[in-house]
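*Asks:* Okay, here's the structure, questions in a sec.
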Amino acid sequence: MKNLYLLTGILTASISAALASGPSPGPAPATAGPSFSNSAFSALHPNTPGARPDNAADRSNDLGISGAVDQFSDAPTTAGVKSKTVIPTAHGNLITLSGQYSYINTDDSRAFGSDLVTQSATIGGTAFINGNMFLGLNYTYSNATSGVNATGTSSHSDAHFVSLTAAMSLNQFLSIGVSGGYGNTDYTINTRTVGAVKGRANMDTWSISPYVSASIKSGRLISALTAAYQYETDSTTGAGFANNDDIGKFSIELRETFLASERLKVAVSAKFTDVLNGLGQSAFLPQSRTWATFGGKVSYQASKALEIYAGYSYVAFNQYLETHAINAGLKVTF
């Protein structure tokens with residue numbers, strides 16, 4: 001518990017600046033009841049895409065940020081042997097290649113909401129330079145199928161996202177960084193309720209997420225508290241739609257990692273997300289402004305170079321969406 005108090009104190013100044021911007025603008029005026037265009041659009045483009053917990057841009061940036069925080073919090077000197085300081089001041093260069101598979105299932109309780117099943121694969125690489133500089137690059141391909149509960153409208157999508165992450169340590173406890181990138185999503189829409197209507201649409205996504213993180217190690221326990229702001233802009237065209245969305249979010253995550261042995265690590269995390277601005281609202285398709293994500297991860301150092309891991313996360317306290325995610329991957333360090 002004392003770790004949490006210390007981390008909270010370290011980050012207070014950084015977080016207060018983000019929260020001092022004042023309350024977010026109120027929701028947009030409610031629209032009329034759903035039409036065919038509205039119901040088709042909800043399957044394709046559910047209000048503000050960035051306001052969903054299963055948002056692809058969030059997943060892409062979070063993967064880069066998590067990699068940087070993990071590296072600074074517990075950088076190995078050799079495989080299976082953990083450093084005795086949180087952020088080592090003297091450290092050789094490390095190159096890591098990684099791959100991850102994710103399965104994500106979202107249940108939407110809204111009548112005109114969009115249930116979503118996503119499978120994605122990510123490959124990436126990172127460079128840890130001189131013990132205080134982190135660079136990362138990830139590419140993610142996602143395949144998703146969604147369906148609107150009340151109308152029979154469904155869509156299939158293929159998404160390609162690339163993200164870059166750069167971070168550095170400021171001192172023994174603090175690190176800062178930024179993750180951002182570009183994604184393109186191609187949709188095919190099918191609507192049974194008005195005949196075999198098919199349409200295609202495309203969405204371009206740009207995002208950037210600066211963050212600050214504080215880490216401290218006490219015995220076998222490593223605590224990391226990370227605050228981030230994410231700005232995302234989405235531009236959707238096709239299938240009779242032309243829409244632009246801009247959204248800003250603030251998140252804060254606490255992660256506790258226990259070094260069970262020289263080879264085995266167990267981590268648990270809790271993350272709170274608040275949509276600060278840009279939240280779209282409508283009478284038939286409202287959205288939740290806040291939610292929390294709880295997760296766990298087990299990592300095993302199989303050899304000097306190879307680490308394998310598996311994790312699970314659950315989104316809670318979202319008024320309309322319930323999301324479960326399973327991840328499994330490996331890392332090879334040179």
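Residues are referred to by chain and number: the chain letter is A, B, ... according to the order shown in the structure tokens, the number counts from 1 in that chain, and ligands are numbered separately from 1 in the order shown.
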Which residues are near Glu253 of chain A? Cut-off 12 Å, only C-alpha atoms, ignore same chain within fewer than 3 positions. Put them as a PDB file with N, CA, C and O atoms, in the first residue's frame.

*Replies:*
ATOM      1  N   LEU A   4       1.664   2.502  -3.403  1.00  0.00           N
ATOM      2  CA  LEU A   4       0.594   3.234  -4.074  1.00  0.00           C
ATOM      3  C   LEU A   4       0.577   4.682  -3.624  1.00  0.00           C
ATOM      4  O   LEU A   4       0.432   5.605  -4.433  1.00  0.00           O
ATOM      5  N   LEU A   7       3.562   6.472  -5.287  1.00  0.00           N
ATOM      6  CA  LEU A   7       3.363   6.692  -6.721  1.00  0.00           C
ATOM      7  C   LEU A   7       2.346   7.790  -6.968  1.00  0.00           C
ATOM      8  O   LEU A   7       2.488   8.617  -7.865  1.00  0.00           O
ATOM      9  N   THR A   8       1.285   7.794  -6.151  1.00  0.00           N
ATOM     10  CA  THR A   8       0.260   8.821  -6.317  1.00  0.00           C
ATOM     11  C   THR A   8       0.838  10.206  -6.086  1.00  0.00           C
ATOM     12  O   THR A   8       0.548  11.162  -6.810  1.00  0.00           O
ATOM     13  N   LEU A  11       2.920  11.407  -9.130  1.00  0.00           N
ATOM     14  CA  LEU A  11       2.182  11.780 -10.337  1.00  0.00           C
ATOM     15  C   LEU A  11       1.195  12.926 -10.130  1.00  0.00           C
ATOM     16  O   LEU A  11       0.611  13.413 -11.091  1.00  0.00           O
ATOM     17  N   ASP A  62      -1.756   1.521 -26.446  1.00  0.00           N
ATOM     18  CA  ASP A  62      -1.544   0.932 -25.120  1.00  0.00           C
ATOM     19  C   ASP A  62      -0.457  -0.134 -25.150  1.00  0.00           C
ATOM     20  O   ASP A  62       0.289  -0.296 -24.172  1.00  0.00           O
ATOM     21  N   ILE A  65       2.832   1.746 -25.007  1.00  0.00           N
ATOM     22  CA  ILE A  65       3.057   2.338 -23.690  1.00  0.00           C
ATOM     23  C   ILE A  65       3.372   1.267 -22.660  1.00  0.00           C
ATOM     24  O   ILE A  65       4.299   1.427 -21.840  1.00  0.00           O
ATOM     25  N   SER A  66       2.637   0.160 -22.675  1.00  0.00           N
ATOM     26  CA  SER A  66       2.886  -0.925 -21.717  1.00  0.00           C
ATOM     27  C   SER A  66       4.292  -1.492 -21.876  1.00  0.00           C
ATOM     28  O   SER A  66       4.960  -1.808 -20.893  1.00  0.00           O
ATOM     29  N   VAL A  69       6.711   1.047 -20.275  1.00  0.00           N
ATOM     30  CA  VAL A  69       6.610   1.044 -18.815  1.00  0.00           C
ATOM     31  C   VAL A  69       7.235  -0.218 -18.234  1.00  0.00           C
ATOM     32  O   VAL A  69       7.969  -0.172 -17.241  1.00  0.00           O
ATOM     33  N   TYR A 211       2.200  10.341 -22.241  1.00  0.00           N
ATOM     34  CA  TYR A 211       1.967   9.747 -20.927  1.00  0.00           C
ATOM     35  C   TYR A 211       3.132  10.042 -19.996  1.00  0.00           C
ATOM     36  O   TYR A 211       4.236  10.411 -20.408  1.00  0.00           O
ATOM     37  N   VAL A 212       2.864   9.859 -18.692  1.00  0.00           N
ATOM     38  CA  VAL A 212       3.894   9.933 -17.660  1.00  0.00           C
ATOM     39  C   VAL A 212       3.684   8.746 -16.731  1.00  0.00           C
ATOM     40  O   VAL A 212       2.544   8.380 -16.430  1.00  0.00           O
ATOM     41  N   SER A 213       4.781   8.130 -16.294  1.00  0.00           N
ATOM     42  CA  SER A 213       4.681   6.920 -15.475  1.00  0.00           C
ATOM     43  C   SER A 213       5.659   6.994 -14.313  1.00  0.00           C
ATOM     44  O   SER A 213       6.783   7.496 -14.459  1.00  0.00           O
ATOM     45  N   ALA A 214       5.227   6.495 -13.169  1.00  0.00           N
ATOM     46  CA  ALA A 214       6.083   6.396 -11.988  1.00  0.00           C
ATOM     47  C   ALA A 214       6.175   4.936 -11.574  1.00  0.00           C
ATOM     48  O   ALA A 214       5.169   4.228 -11.533  1.00  0.00           O
ATOM     49  N   SER A 215       7.380   4.469 -11.299  1.00  0.00           N
ATOM     50  CA  SER A 215       7.607   3.070 -10.932  1.00  0.00           C
ATOM     51  C   SER A 215       8.451   2.995  -9.669  1.00  0.00           C
ATOM     52  O   SER A 215       9.348   3.816  -9.454  1.00  0.00           O
ATOM     53  N   SER A 223       5.623  -1.723  -8.573  1.00  0.00           N
ATOM     54  CA  SER A 223       4.398  -0.944  -8.745  1.00  0.00           C
ATOM     55  C   SER A 223       4.634   0.128  -9.803  1.00  0.00           C
ATOM     56  O   SER A 223       5.659   0.805  -9.785  1.00  0.00           O
ATOM     57  N   ALA A 224       3.666   0.276 -10.697  1.00  0.00           N
ATOM     58  CA  ALA A 224       3.762   1.290 -11.751  1.00  0.00           C
ATOM     59  C   ALA A 224       2.424   2.001 -11.880  1.00  0.00           C
ATOM     60  O   ALA A 224       1.380   1.352 -11.997  1.00  0.00           O
ATOM     61  N   LEU A 225       2.458   3.323 -11.836  1.00  0.00           N
ATOM     62  CA  LEU A 225       1.266   4.144 -12.001  1.00  0.00           C
ATOM     63  C   LEU A 225       1.460   5.018 -13.233  1.00  0.00           C
ATOM     64  O   LEU A 225       2.423   5.786 -13.311  1.00  0.00           O
ATOM     65  N   THR A 226       0.546   4.895 -14.209  1.00  0.00           N
ATOM     66  CA  THR A 226       0.716   5.551 -15.499  1.00  0.00           C
ATOM     67  C   THR A 226      -0.515   6.375 -15.842  1.00  0.00           C
ATOM     68  O   THR A 226      -1.639   5.870 -15.815  1.00  0.00           O
ATOM     69  N   ALA A 227      -0.311   7.650 -16.158  1.00  0.00           N
ATOM     70  CA  ALA A 227      -1.385   8.539 -16.586  1.00  0.00           C
ATOM     71  C   ALA A 227      -1.155   8.915 -18.044  1.00  0.00           C
ATOM     72  O   ALA A 227      -0.029   9.237 -18.437  1.00  0.00           O
ATOM     73  N   ALA A 228      -2.222   8.880 -18.842  1.00  0.00           N
ATOM     74  CA  ALA A 228      -2.090   9.147 -20.275  1.00  0.00           C
ATOM     75  C   ALA A 228      -3.281   9.959 -20.781  1.00  0.00           C
ATOM     76  O   ALA A 228      -4.391   9.866 -20.252  1.00  0.00           O
ATOM     77  N   TYR A 229      -3.018  10.744 -21.805  1.00  0.00           N
ATOM     78  CA  TYR A 229      -4.074  11.435 -22.532  1.00  0.00           C
ATOM     79  C   TYR A 229      -4.025  10.957 -23.973  1.00  0.00           C
ATOM     80  O   TYR A 229      -2.942  10.871 -24.567  1.00  0.00           O
ATOM     81  N   PHE A 250      -8.766  10.678 -21.005  1.00  0.00           N
ATOM     82  CA  PHE A 250      -7.744  10.600 -19.969  1.00  0.00           C
ATOM     83  C   PHE A 250      -7.847   9.236 -19.302  1.00  0.00           C
ATOM     84  O   PHE A 250      -8.948   8.736 -19.041  1.00  0.00           O
ATOM     85  N   GLU A 256       0.535  -3.822 -10.675  1.00  0.00           N
ATOM     86  CA  GLU A 256       1.366  -4.457  -9.652  1.00  0.00           C
ATOM     87  C   GLU A 256       1.929  -5.755 -10.238  1.00  0.00           C
ATOM     88  O   GLU A 256       1.171  -6.616 -10.680  1.00  0.00           O
ATOM     89  N   VAL A 268      -1.099  -7.823 -12.125  1.00  0.00           N
ATOM     90  CA  VAL A 268      -2.515  -7.443 -12.126  1.00  0.00           C
ATOM     91  C   VAL A 268      -2.578  -5.933 -12.353  1.00  0.00           C
ATOM     92  O   VAL A 268      -1.661  -5.192 -11.980  1.00  0.00           O
ATOM     93  N   SER A 269      -3.669  -5.476 -12.959  1.00  0.00           N
ATOM     94  CA  SER A 269      -3.784  -4.057 -13.288  1.00  0.00           C
ATOM     95  C   SER A 269      -5.220  -3.580 -13.163  1.00  0.00           C
ATOM     96  O   SER A 269      -6.174  -4.358 -13.312  1.00  0.00           O
ATOM     97  N   ALA A 270      -5.361  -2.294 -12.897  1.00  0.00           N
ATOM     98  CA  ALA A 270      -6.659  -1.630 -12.875  1.00  0.00           C
ATOM     99  C   ALA A 270      -6.503  -0.281 -13.573  1.00  0.00           C
ATOM    100  O   ALA A 270      -5.594   0.486 -13.253  1.00  0.00           O
ATOM    101  N   LYS A 271      -7.390   0.006 -14.516  1.00  0.00           N
ATOM    102  CA  LYS A 271      -7.283   1.223 -15.330  1.00  0.00           C
ATOM    103  C   LYS A 271      -8.631   1.915 -15.393  1.00  0.00           C
ATOM    104  O   LYS A 271      -9.666   1.285 -15.638  1.00  0.00           O
ATOM    105  N   PHE A 272      -8.625   3.229 -15.169  1.00  0.00           N
ATOM    106  CA  PHE A 272      -9.838   4.037 -15.262  1.00  0.00           C
ATOM    107  C   PHE A 272      -9.722   4.955 -16.477  1.00  0.00           C
ATOM    108  O   PHE A 272      -8.693   5.602 -16.686  1.00  0.00           O
ATOM    109  N   THR A 273     -10.796   5.026 -17.284  1.00  0.00           N
ATOM    110  CA  THR A 273     -10.811   5.852 -18.488  1.00  0.00           C
ATOM    111  C   THR A 273     -11.988   6.809 -18.450  1.00  0.00           C
ATOM    112  O   THR A 273     -13.110   6.419 -18.115  1.00  0.00           O
ATOM    113  N   ASP A 274     -11.723   8.069 -18.792  1.00  0.00           N
ATOM    114  CA  ASP A 274     -12.759   9.100 -18.818  1.00  0.00           C
ATOM    115  C   ASP A 274     -12.684   9.834 -20.155  1.00  0.00           C
ATOM    116  O   ASP A 274     -11.618  10.311 -20.551  1.00  0.00           O
ATOM    117  N   ALA A 292     -13.938   1.160 -16.423  1.00  0.00           N
ATOM    118  CA  ALA A 292     -12.729   0.653 -15.788  1.00  0.00           C
ATOM    119  C   ALA A 292     -12.352  -0.671 -16.424  1.00  0.00           C
ATOM    120  O   ALA A 292     -13.222  -1.442 -16.859  1.00  0.00           O
ATOM    121  N   THR A 293     -11.057  -0.922 -16.506  1.00  0.00           N
ATOM    122  CA  THR A 293     -10.549  -2.164 -17.084  1.00  0.00           C
ATOM    123  C   THR A 293      -9.661  -2.861 -16.061  1.00  0.00           C
ATOM    124  O   THR A 293      -8.721  -2.259 -15.533  1.00  0.00           O
ATOM    125  N   PHE A 294      -9.973  -4.124 -15.779  1.00  0.00           N
ATOM    126  CA  PHE A 294      -9.198  -4.925 -14.839  1.00  0.00           C
ATOM    127  C   PHE A 294      -8.558  -6.080 -15.600  1.00  0.00           C
ATOM    128  O   PHE A 294      -9.201  -6.699 -16.465  1.00  0.00           O
ATOM    129  N   GLY A 295      -7.294  -6.362 -15.307  1.00  0.00           N
ATOM    130  CA  GLY A 295      -6.605  -7.403 -16.061  1.00  0.00           C
ATOM    131  C   GLY A 295      -5.561  -8.140 -15.255  1.00  0.00           C
ATOM    132  O   GLY A 295      -5.182  -7.741 -14.147  1.00  0.00           O
TER     133      GLY A 295
END

*Asks:* Can you list, as a list in words, every protein, DNA or RNA residue that comes within 9 Å of Asp54 of chain A when you count only C-alpha atoms, leaving out same-chain residues fewer than 3 positions away?

*Replies:*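 The contact residues come out as Pro49, Gly50, Ala51, Ala57, Asp58, Arg59, Ile104, Asn105, Thr106, Leu116, Thr118, Thr323 and Ala325 of chain A.
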
*Asks:* Between atom CA of Ile308 of chain A and atom CA of Lys331 of chain A, what is the distance in Å, rounded to a tenth?

*Replies:* 6.4 Å

*Asks:* Please identify the helix (DSSP H, G or I) residues within segment 60-190 of chain A (assignment by DSSP from backbone atoms) and present them as JSON, numbers by chain.

*Replies:* {"A": [60, 61, 62, 63, 64, 65, 66, 67, 68, 69, 70, 71, 72, 73]}

*Asks:* Could you write out the selected residues, including N, CA and C atoms, as a short mmCIF file (atom, residue, chain, number, x, y, z; two decimals), in the first residue's frame?

*Replies:*
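Below you can see part_4.cif, which holds the result:
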data_model
loop_
_atom_site.label_atom_id
_atom_site.label_comp_id
_atom_site.auth_asym_id
_atom_site.auth_seq_id
_atom_site.Cartn_x
_atom_site.Cartn_y
_atom_site.Cartn_z
N SER A 60 -3.62 -0.28 -29.91
CA SER A 60 -2.32 -0.12 -30.55
C SER A 60 -1.39 0.74 -29.70
N ASN A 61 -1.89 1.89 -29.23
CA ASN A 61 -1.06 2.78 -28.42
C ASN A 61 -0.75 2.19 -27.05
N ASP A 62 -1.76 1.52 -26.45
CA ASP A 62 -1.54 0.93 -25.12
C ASP A 62 -0.46 -0.13 -25.15
N LEU A 63 -0.37 -0.87 -26.24
CA LEU A 63 0.65 -1.91 -26.35
C LEU A 63 2.04 -1.28 -26.32
N GLY A 64 2.21 -0.16 -27.02
CA GLY A 64 3.50 0.52 -27.00
C GLY A 64 3.83 1.11 -25.65
N ILE A 65 2.83 1.75 -25.01
CA ILE A 65 3.06 2.34 -23.69
C ILE A 65 3.37 1.27 -22.66
N SER A 66 2.64 0.16 -22.67
CA SER A 66 2.89 -0.93 -21.72
C SER A 66 4.29 -1.49 -21.88
N GLY A 67 4.73 -1.62 -23.13
CA GLY A 67 6.08 -2.12 -23.36
C GLY A 67 7.14 -1.22 -22.78
N ALA A 68 6.95 0.10 -22.93
CA ALA A 68 7.92 1.05 -22.39
C ALA A 68 7.91 1.05 -20.88
N VAL A 69 6.71 1.05 -20.27
CA VAL A 69 6.61 1.04 -18.81
C VAL A 69 7.24 -0.22 -18.23
N ASP A 70 6.96 -1.36 -18.85
CA ASP A 70 7.55 -2.62 -18.39
C ASP A 70 9.07 -2.57 -18.47
N GLN A 71 9.59 -2.02 -19.57
CA GLN A 71 11.03 -1.99 -19.76
C GLN A 71 11.72 -1.13 -18.71
N PHE A 72 11.16 0.04 -18.44
CA PHE A 72 11.75 0.92 -17.44
C PHE A 72 11.57 0.39 -16.02
N SER A 73 10.43 -0.27 -15.78
CA SER A 73 10.14 -0.74 -14.43
C SER A 73 11.01 -1.92 -14.02
#

*Asks:* Between A:Thr188, A:Asn93, A:Gln100, A:Gln119, single out the one closest to Met133 of chain A, counting only C-alpha atoms.

*Replies:*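 Of all the options, A:Asn93 lies closest to Met133 of chain A.
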
*Asks:* Looking at A:Asn190, A:Ser175, A:Ser313, A:Ser261, which one is nearest to Ser154 of chain A, with distances taken over only C-alpha atoms?

*Replies:*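 Between A:Asn190, A:Ser175, A:Ser313, A:Ser261, the residue approaching Ser154 of chain A most closely is A:Asn190.
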
*Asks:* Please indicate the distance in Å from atom CA of Gly219 of chain A to atom CA of Ser169 of chain A, rounded to one decimal place.

*Replies:*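 Computed distance, atom CA of Gly219 of chain A to atom CA of Ser169 of chain A, equals 21.2 Å.
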
*Asks:* Rank nothing, just name the residue among A:Pro53, A:Gly199, A:Gly136, A:Gly181 nearest to Tyr231 of chain A, using only C-alpha atoms.

*Replies:*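 With only C-alpha atoms as the atom set, the closest residue is A:Gly181.
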
*Asks:* Rounded to one decimal in Å, what is the spacing between atom CA of Leu279 of chain A and atom CA of Asn243 of chain A?

*Replies:*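 Between atom CA of Leu279 of chain A and atom CA of Asn243 of chain A the gap works out to 14.0 Å.
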
*Asks:* List as a PyMOL selection string the protein and nucleic acid residues near Thr236 of chain A, meaning an atom at most 9 Å away when only C-alpha atoms are counted, but skip any in the same chain fewer than 6 places from it.

*Replies:* chain A and resi 45+201-205+242-245

*Asks:* Taking the DSSP assignment computed from this structure's backbone, write out as a PyMOL selection string all residues of segment 150-230 of chain A that belong to strand (DSSP E).

*Replies:* chain A and resi 153-169+174-191+197-218+221-230

*Asks:* For Ser98 of chain A, work out the shell of residues within 9 Å, counting only C-alpha atoms and skipping chain neighbours fewer than 6 positions away, then give it as a VMD selection string.

*Replies:* chain A and resid 122 to 126 138 329 to 333

*Asks:* Could those residues be written to a file, using all heavy atoms, as an mmCIF file, in the first residue's frame?

*Replies:*
data_model
loop_
_atom_site.group_PDB
_atom_site.id
_atom_site.type_symbol
_atom_site.label_atom_id
_atom_site.label_comp_id
_atom_site.auth_asym_id
_atom_site.auth_seq_id
_atom_site.Cartn_x
_atom_site.Cartn_y
_atom_site.Cartn_z
ATOM 1 N N THR A 122 -0.491 -8.922 -33.749
ATOM 2 C CA THR A 122 0.450 -7.801 -33.705
ATOM 3 C C THR A 122 1.879 -8.314 -33.772
ATOM 4 O O THR A 122 2.234 -9.282 -33.100
ATOM 5 C CB THR A 122 0.286 -6.988 -32.407
ATOM 6 O OG1 THR A 122 -1.049 -6.482 -32.332
ATOM 7 C CG2 THR A 122 1.261 -5.819 -32.367
ATOM 8 N N ILE A 123 2.681 -7.679 -34.603
ATOM 9 C CA ILE A 123 4.113 -7.938 -34.612
ATOM 10 C C ILE A 123 4.820 -6.605 -34.371
ATOM 11 O O ILE A 123 4.311 -5.545 -34.757
ATOM 12 C CB ILE A 123 4.602 -8.571 -35.933
ATOM 13 C CG1 ILE A 123 4.232 -7.688 -37.125
ATOM 14 C CG2 ILE A 123 4.040 -9.969 -36.109
ATOM 15 C CD1 ILE A 123 4.816 -8.164 -38.442
ATOM 16 N N GLY A 124 5.954 -6.660 -33.689
ATOM 17 C CA GLY A 124 6.617 -5.414 -33.382
ATOM 18 C C GLY A 124 8.047 -5.602 -32.947
ATOM 19 O O GLY A 124 8.552 -6.722 -32.826
ATOM 20 N N GLY A 125 8.696 -4.489 -32.718
ATOM 21 C CA GLY A 125 10.069 -4.501 -32.259
ATOM 22 C C GLY A 125 10.342 -3.291 -31.393
ATOM 23 O O GLY A 125 9.708 -2.240 -31.559
ATOM 24 N N THR A 126 11.255 -3.439 -30.441
ATOM 25 C CA THR A 126 11.630 -2.331 -29.576
ATOM 26 C C THR A 126 13.147 -2.265 -29.448
ATOM 27 O O THR A 126 13.847 -3.264 -29.630
ATOM 28 C CB THR A 126 11.023 -2.471 -28.168
ATOM 29 O OG1 THR A 126 11.592 -3.611 -27.514
ATOM 30 C CG2 THR A 126 9.522 -2.628 -28.243
ATOM 31 N N ASN A 138 4.994 -1.028 -33.751
ATOM 32 C CA ASN A 138 4.060 -2.148 -33.807
ATOM 33 C C ASN A 138 3.165 -2.040 -35.034
ATOM 34 O O ASN A 138 2.740 -0.945 -35.412
ATOM 35 C CB ASN A 138 3.171 -2.180 -32.558
ATOM 36 C CG ASN A 138 3.902 -2.641 -31.318
ATOM 37 O OD1 ASN A 138 4.619 -3.629 -31.339
ATOM 38 N ND2 ASN A 138 3.725 -1.911 -30.221
ATOM 39 N N GLY A 329 1.237 -14.105 -26.252
ATOM 40 C CA GLY A 329 2.316 -13.677 -27.126
ATOM 41 C C GLY A 329 3.684 -14.139 -26.660
ATOM 42 O O GLY A 329 3.800 -14.870 -25.670
ATOM 43 N N LEU A 330 4.671 -13.690 -27.389
ATOM 44 C CA LEU A 330 6.056 -14.026 -27.054
ATOM 45 C C LEU A 330 6.972 -12.860 -27.410
ATOM 46 O O LEU A 330 6.647 -12.020 -28.242
ATOM 47 C CB LEU A 330 6.495 -15.303 -27.774
ATOM 48 C CG LEU A 330 6.387 -15.364 -29.300
ATOM 49 C CD1 LEU A 330 7.564 -14.732 -29.995
ATOM 50 C CD2 LEU A 330 6.241 -16.815 -29.754
ATOM 51 N N LYS A 331 8.143 -12.827 -26.737
ATOM 52 C CA LYS A 331 9.144 -11.816 -26.990
ATOM 53 C C LYS A 331 10.514 -12.501 -27.092
ATOM 54 O O LYS A 331 10.818 -13.402 -26.305
ATOM 55 C CB LYS A 331 9.191 -10.788 -25.861
ATOM 56 C CG LYS A 331 7.913 -9.997 -25.688
ATOM 57 C CD LYS A 331 8.048 -9.022 -24.518
ATOM 58 C CE LYS A 331 6.776 -8.223 -24.312
ATOM 59 N NZ LYS A 331 6.896 -7.290 -23.163
ATOM 60 N N VAL A 332 11.288 -12.063 -28.063
ATOM 61 C CA VAL A 332 12.641 -12.573 -28.225
ATOM 62 C C VAL A 332 13.594 -11.391 -28.099
ATOM 63 O O VAL A 332 13.478 -10.402 -28.826
ATOM 64 C CB VAL A 332 12.832 -13.256 -29.594
ATOM 65 C CG1 VAL A 332 14.255 -13.753 -29.745
ATOM 66 C CG2 VAL A 332 11.841 -14.407 -29.752
ATOM 67 N N THR A 333 14.532 -11.482 -27.137
ATOM 68 C CA THR A 333 15.438 -10.383 -26.840
ATOM 69 C C THR A 333 16.865 -10.737 -27.260
ATOM 70 O O THR A 333 17.342 -11.846 -27.010
ATOM 71 C CB THR A 333 15.424 -10.048 -25.343
ATOM 72 O OG1 THR A 333 14.085 -9.707 -24.962
ATOM 73 C CG2 THR A 333 16.357 -8.880 -25.026
#

*Asks:* Can you pull out the residues contacting Tyr141 of chain A? Cut-off 10 Å, using only C-alpha atoms, and skip same-chain residues under 3 positions away; I want them as JSON, numbers by chain.

*Replies:* {"A": [56, 101, 119, 120, 121, 122, 123, 158, 159, 160, 161, 162, 183, 184, 185]}

*Asks:* Restricting the output to N, CA and C atoms, write the selected residues as a PDB file, in the first residue's frame.

*Replies:*
ATOM      1  N   ALA A  56      -9.615   0.180 -31.591  1.00  0.00           N
ATOM      2  CA  ALA A  56      -8.347  -0.324 -32.138  1.00  0.00           C
ATOM      3  C   ALA A  56      -7.181   0.622 -31.885  1.00  0.00           C
ATOM      4  N   TYR A 101      -1.279 -12.408 -30.167  1.00  0.00           N
ATOM      5  CA  TYR A 101      -2.624 -12.688 -30.676  1.00  0.00           C
ATOM      6  C   TYR A 101      -3.636 -12.232 -29.636  1.00  0.00           C
ATOM      7  N   GLN A 119     -10.624 -10.391 -33.710  1.00  0.00           N
ATOM      8  CA  GLN A 119      -9.389 -11.157 -33.594  1.00  0.00           C
ATOM      9  C   GLN A 119      -8.273 -10.339 -34.237  1.00  0.00           C
ATOM     10  N   SER A 120      -7.150 -10.248 -33.558  1.00  0.00           N
ATOM     11  CA  SER A 120      -6.070  -9.421 -34.086  1.00  0.00           C
ATOM     12  C   SER A 120      -4.718 -10.071 -33.839  1.00  0.00           C
ATOM     13  N   ALA A 121      -3.774  -9.714 -34.678  1.00  0.00           N
ATOM     14  CA  ALA A 121      -2.393 -10.179 -34.549  1.00  0.00           C
ATOM     15  C   ALA A 121      -1.471  -8.973 -34.645  1.00  0.00           C
ATOM     16  N   THR A 122      -0.491  -8.922 -33.749  1.00  0.00           N
ATOM     17  CA  THR A 122       0.450  -7.801 -33.705  1.00  0.00           C
ATOM     18  C   THR A 122       1.879  -8.314 -33.772  1.00  0.00           C
ATOM     19  N   ILE A 123       2.681  -7.679 -34.603  1.00  0.00           N
ATOM     20  CA  ILE A 123       4.113  -7.938 -34.612  1.00  0.00           C
ATOM     21  C   ILE A 123       4.820  -6.605 -34.371  1.00  0.00           C
ATOM     22  N   ASP A 158     -11.831  -5.077 -41.761  1.00  0.00           N
ATOM     23  CA  ASP A 158     -10.411  -5.409 -41.734  1.00  0.00           C
ATOM     24  C   ASP A 158      -9.655  -4.119 -41.437  1.00  0.00           C
ATOM     25  N   ALA A 159      -8.807  -4.152 -40.414  1.00  0.00           N
ATOM     26  CA  ALA A 159      -8.120  -2.940 -39.977  1.00  0.00           C
ATOM     27  C   ALA A 159      -6.614  -3.170 -39.930  1.00  0.00           C
ATOM     28  N   HIS A 160      -5.893  -2.150 -40.325  1.00  0.00           N
ATOM     29  CA  HIS A 160      -4.428  -2.162 -40.282  1.00  0.00           C
ATOM     30  C   HIS A 160      -3.971  -0.933 -39.507  1.00  0.00           C
ATOM     31  N   PHE A 161      -3.228  -1.146 -38.429  1.00  0.00           N
ATOM     32  CA  PHE A 161      -2.757  -0.041 -37.591  1.00  0.00           C
ATOM     33  C   PHE A 161      -1.249  -0.128 -37.398  1.00  0.00           C
ATOM     34  N   VAL A 162      -0.597   1.015 -37.461  1.00  0.00           N
ATOM     35  CA  VAL A 162       0.839   1.125 -37.181  1.00  0.00           C
ATOM     36  C   VAL A 162       1.014   2.161 -36.083  1.00  0.00           C
ATOM     37  N   GLY A 183      -4.190   4.361 -38.590  1.00  0.00           N
ATOM     38  CA  GLY A 183      -4.886   3.126 -38.895  1.00  0.00           C
ATOM     39  C   GLY A 183      -5.899   3.322 -40.003  1.00  0.00           C
ATOM     40  N   ASN A 184      -6.138   2.266 -40.758  1.00  0.00           N
ATOM     41  CA  ASN A 184      -7.145   2.285 -41.820  1.00  0.00           C
ATOM     42  C   ASN A 184      -8.043   1.067 -41.658  1.00  0.00           C
ATOM     43  N   THR A 185      -9.364   1.308 -41.640  1.00  0.00           N
ATOM     44  CA  THR A 185     -10.341   0.239 -41.452  1.00  0.00           C
ATOM     45  C   THR A 185     -11.291   0.206 -42.627  1.00  0.00           C
TER      46      THR A 185
END

*Asks:* Using only C-alpha atoms, which residues sit within 6 Å of Gly248 of chain A once same-chain residues fewer than 6 positions away are excluded, as a ChimeraX atom specification?

*Replies:* /A:230-231,276-277
